[in-house]
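Here's model_28.cif, which has mmCIF, C-alpha atoms:
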data_final
loop_
_atom_site.label_atom_id
_atom_site.label_comp_id
_atom_site.auth_asym_id
_atom_site.auth_seq_id
_atom_site.Cartn_x
_atom_site.Cartn_y
_atom_site.Cartn_z
CA MET A 332 0.00 0.00 0.00
CA LYS A 333 2.88 2.33 0.80
CA HIS A 334 4.31 1.72 -2.67
CA VAL A 335 1.00 2.65 -4.36
CA SER A 336 0.84 5.89 -2.36
CA LYS A 337 4.36 6.85 -3.37
CA VAL A 338 3.59 6.19 -7.04
CA ALA A 339 0.39 8.23 -6.81
CA ILE A 340 2.22 11.12 -5.17
CA ALA A 341 4.98 11.00 -7.80
CA ALA A 342 2.41 10.93 -10.62
CA ALA A 343 0.53 13.87 -9.09
CA GLY A 344 3.82 15.79 -8.82
CA VAL A 345 4.59 15.20 -12.48
CA PHE A 346 1.08 16.28 -13.50
CA ILE A 347 1.18 19.42 -11.35
CA GLY A 348 4.67 20.29 -12.60
CA ALA A 349 3.64 19.79 -16.21
CA SER A 350 0.55 21.95 -15.93
CA ALA A 351 2.59 24.70 -14.25
CA SER A 352 5.04 24.53 -17.14
CA TRP A 353 2.23 24.89 -19.67
CA ALA A 354 0.99 27.96 -17.83
CA ASP A 355 4.45 29.51 -18.04
CA THR A 356 4.60 29.64 -21.84
CA LEU A 357 4.64 33.06 -23.41
CA PRO A 358 2.34 34.13 -26.22
CA THR A 359 4.23 35.82 -29.03
CA HIS A 360 3.31 37.63 -32.20
CA ARG A 361 5.12 37.39 -35.51
CA ILE A 362 5.28 39.72 -38.48
CA PRO A 363 3.99 37.90 -41.56
CA THR A 364 6.46 37.78 -44.43
CA ALA A 365 4.04 39.63 -46.72
CA LEU A 366 3.90 42.60 -44.33
CA ALA A 367 7.69 42.54 -43.87
CA VAL A 368 8.14 42.70 -47.64
CA GLU A 369 5.69 45.62 -47.87
CA ALA A 370 7.49 47.49 -45.08
CA ALA A 371 10.90 46.96 -46.69
CA SER A 372 9.59 47.95 -50.13
CA GLU A 373 8.00 51.14 -48.80
CA THR A 374 11.17 52.02 -46.89
CA ILE A 375 13.16 51.81 -50.11
CA ALA A 376 10.47 53.61 -52.15
CA ALA A 377 10.22 56.49 -49.65
CA CYS A 378 13.94 57.14 -49.97
CA ALA A 379 13.92 56.64 -53.74
CA ARG A 380 11.28 59.37 -54.05
CA GLN A 381 13.83 61.68 -52.41
CA GLY A 382 16.62 60.48 -54.70
CA TYR A 383 18.37 58.16 -52.21
CA HIS A 384 19.50 54.58 -52.83
CA GLU A 385 18.37 52.63 -49.79
CA THR A 386 18.50 49.14 -48.32
CA ALA A 387 15.90 47.89 -45.85
CA VAL A 388 16.06 44.94 -43.47
CA VAL A 389 13.14 43.68 -41.38
CA LEU A 390 13.88 41.48 -38.36
CA ASP A 391 11.58 39.57 -36.05
CA ALA A 392 11.57 40.01 -32.26
CA ASP A 393 14.46 37.55 -31.91
CA GLY A 394 16.68 39.50 -34.31
CA THR A 395 16.29 37.01 -37.16
CA THR A 396 16.06 38.39 -40.68
CA ILE A 397 12.64 38.16 -42.31
CA ILE A 398 13.59 40.19 -45.40
CA ALA A 399 16.64 42.06 -46.63
CA LEU A 400 15.97 44.17 -49.72
CA ARG A 401 18.68 46.22 -51.42
CA GLY A 402 17.29 49.01 -53.54
CA ASP A 403 18.60 49.84 -56.99
CA GLY A 404 21.99 51.51 -56.74
CA ALA A 405 22.36 51.04 -52.96
CA GLY A 406 25.93 50.37 -51.87
CA ILE A 407 26.92 46.90 -50.74
CA HIS A 408 27.77 48.24 -47.26
CA THR A 409 24.13 49.24 -46.77
CA LEU A 410 23.14 45.59 -46.25
CA ASP A 411 25.28 45.32 -43.11
CA SER A 412 24.38 48.80 -41.93
CA ALA A 413 20.61 48.28 -42.32
CA HIS A 414 20.84 44.92 -40.55
CA ASP A 415 22.83 46.34 -37.65
CA LYS A 416 20.42 49.26 -37.20
CA ALA A 417 17.46 46.86 -37.14
CA TYR A 418 19.33 44.52 -34.78
CA THR A 419 20.17 47.37 -32.40
CA SER A 420 16.60 48.62 -32.46
CA VAL A 421 15.04 45.26 -31.66
CA SER A 422 17.72 44.41 -29.08
CA PHE A 423 17.32 47.66 -27.16
CA LYS A 424 13.57 47.87 -27.87
CA ASN A 425 13.92 51.45 -29.07
CA ASP A 426 14.55 53.44 -32.24
CA THR A 427 18.24 53.93 -32.97
CA LEU A 428 17.85 57.70 -33.37
CA ALA A 429 16.82 57.86 -29.69
CA LEU A 430 19.60 55.44 -28.77
CA ALA A 431 22.13 57.66 -30.57
CA GLU A 432 21.06 60.52 -28.30
CA ARG A 433 21.48 58.30 -25.23
CA ALA A 434 24.97 57.41 -26.44
CA LYS A 435 25.86 61.12 -26.21
CA ALA A 436 24.33 61.60 -22.75
CA GLU A 437 26.05 61.71 -19.38
CA ASP A 438 25.01 58.10 -18.62
CA SER A 439 26.22 57.06 -22.06
CA ILE A 440 25.46 53.69 -23.59
CA ALA A 441 28.22 54.29 -26.17
CA PRO A 442 30.51 51.52 -24.80
CA LEU A 443 27.83 49.00 -25.82
CA ALA A 444 28.53 49.86 -29.46
CA LYS A 445 31.53 47.53 -29.17
CA LEU A 446 29.14 44.58 -29.12
CA PRO A 447 28.68 42.78 -32.44
CA HIS A 448 26.02 44.32 -34.71
CA VAL A 449 25.23 47.22 -32.36
CA MET A 450 25.04 50.57 -34.14
CA PHE A 451 23.83 53.77 -32.49
CA PHE A 452 22.96 55.63 -35.67
CA GLY A 453 19.48 56.58 -36.87
CA GLY A 454 17.63 54.30 -39.26
CA GLY A 455 16.55 51.48 -36.94
CA VAL A 456 12.85 51.57 -36.03
CA VAL A 457 11.23 49.22 -33.57
CA ILE A 458 7.93 47.55 -34.54
CA LYS A 459 5.49 47.17 -31.66
CA LEU A 460 2.09 45.61 -31.19
CA ALA A 461 0.74 47.59 -28.22
CA ASP A 462 3.73 47.37 -25.82
CA GLU A 463 5.17 44.15 -27.27
CA VAL A 464 8.23 44.48 -29.51
CA ILE A 465 7.61 42.18 -32.47
CA GLY A 466 10.42 43.28 -34.80
CA SER A 467 12.26 46.17 -36.37
CA ILE A 468 13.09 47.86 -39.64
CA GLY A 469 16.62 48.98 -40.49
CA ALA A 470 17.28 51.48 -43.28
CA ALA A 471 20.63 52.54 -44.70
CA GLY A 472 21.84 54.45 -47.73
CA ALA A 473 20.47 57.98 -47.40
CA PRO A 474 22.97 60.74 -46.61
CA GLY A 475 22.14 61.01 -42.94
CA ALA A 476 20.65 59.28 -39.94
CA LYS A 477 17.44 61.33 -39.87
CA LEU A 478 16.76 60.55 -43.52
CA ASP A 479 17.25 56.80 -42.95
CA ASP A 480 14.98 57.07 -39.90
CA SER A 481 12.29 58.85 -41.91
CA CYS A 482 12.34 56.18 -44.62
CA ALA A 483 12.14 53.36 -42.04
CA HIS A 484 9.16 55.10 -40.41
CA ALA A 485 7.49 55.29 -43.82
CA GLY A 486 7.87 51.50 -44.07
CA LEU A 487 6.37 51.04 -40.62
CA ASP A 488 3.50 53.42 -41.38
CA LYS A 489 2.66 51.34 -44.45
CA ILE A 490 1.90 48.23 -42.34
CA ARG A 491 1.09 49.60 -38.87
CA ASP A 492 -2.71 49.35 -39.12
CA ARG A 493 -2.51 45.69 -40.23
CA LEU A 494 -0.37 44.46 -37.33
CA ARG A 495 -2.46 42.20 -35.08
#

Rewrite the structure of this file - the entire thing - as structure tokens.
Amino acid sequence: MKHVSKVAIAAAGVFIGASASWADTLPTHRIPTALAVEAASETIAACARQGYHETAVVLDADGTTIIALRGDGAGIHTLDSAHDKAYTSVSFKNDTLALAERAKAEDSIAPLAKLPHVMFFGGGVVIKLADEVIGSIGAAGAPGAKLDDSCAHAGLDKIRDRLR
């Protein structure tokens, strides 16, 4: 009888532990590829309308590339730059233009720029669904951080109302 009780207690412990684990899973949202392509395309188009050759990269919340799109005439270095801006934005959960300002501040985050793929230069825009960071857009190729930032925001604006 003692053996049966011990087995029952062990089985109950496994069941309780398993159901607690199920309750601990986190719901996440993903950017569909079609929306990522639209955002990247609009980022490039917004800069092209101003005469700039742009590259756009859209990452998911984990920093994995969904789409990298190099616009006509954009330099080869813009692929790395756009990726690193998007990576920085999603990693720090903030736009890189704001992060660039923090890097100049008294409590500077500038030493973190030594980490791989971290770039405190405008053009990385975080994508949020309410307060949840679900990805980012990186833009590179325009002659200035504010221009890259503006083009990335144009890409985000294109898809914002369809993010669910």

Could the centre and edge lengths of an axis-aligned box, enclosing all atoms of segment 451-465 of chain A in the file with 5 Å extra on each side, be given in Å to one decimal as AutoDock Vina command-line options?
--center_x 12.3 --center_y 49.4 --center_z -32.5 --size_x 33.1 --size_y 24.4 --size_z 23.4

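If you measure from each of A:Pro447, A:Leu478, A:Asp355, A:Arg361 to Asp411 of chain A using only C-alpha atoms, the closest one turns out to be A:Pro447.
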
- Message: Need to verify the contact set: Thr427 of chain A, 6 Å, all atoms listed in the file, exclusion of same-chain residues closer than 4 positions in sequence. Can you return it as a ChimeraX atom specification?
- Response: /A:420,431,451-453,455

- Query: Looking at A:Ala377, A:Val456, A:Ile362, A:Val421, which one is nearest to Gly402 of chain A, with distances taken over all atoms listed in the file?
  - Reply: A:Ala377

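For the choices A:Glu432, A:Asp426, A:Asp492, A:Asp403, the atom-to-atom distance to His384 of chain A is smallest for A:Asp403 when using all atoms listed in the file.
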
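Put simply, the PyMOL selection byres ((chain A and resi 414-418) around 6) in this file takes in A:Val388, A:Gly394, A:Asp411, A:Ser412, A:Ala413, A:Thr419, A:Ser420, A:Val421, A:Ser422, A:His448, A:Val449, A:Met450, A:Gly455, A:Ser467, A:Ile468, A:Gly469.
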
- Excluding Asp391 of chain A and any residue of its chain fewer than 4 positions from it, enumerate the residues within 6 Å of it, using only C-alpha atoms, and give them as number ranges by chain. A: 395, 465-466

Write out, as a JSON list (two decimals), keeping the file's coordinate frame, the residues just selected, with C-alpha atoms.
[["chain", "number", "residue", "atom", "x", "y", "z"],
["A", 395, "THR", "CA", 16.29, 37.01, -37.16],
["A", 465, "ILE", "CA", 7.61, 42.18, -32.47],
["A", 466, "GLY", "CA", 10.42, 43.28, -34.80]]

- Task: List the neighbours of segment 470-472 of chain A out to 6 Å using all atoms listed in the file; skip same-chain residues closer than 2 positions along the sequence, and give me the result as JSON, numbers by chain.
- Result: {"A": [384, 385, 386, 387, 409, 412, 413, 454, 479, 483]}

- Provide the atom CA of Val389 of chain A to atom CA of Val368 of chain A distance in Å, to one decimal place. 8.1 Å

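With distances restricted to all atoms listed in the file, A:Ala429 is the closest residue to Val457 of chain A from A:Ala429, A:Cys378, A:Ile398, A:Ala354.
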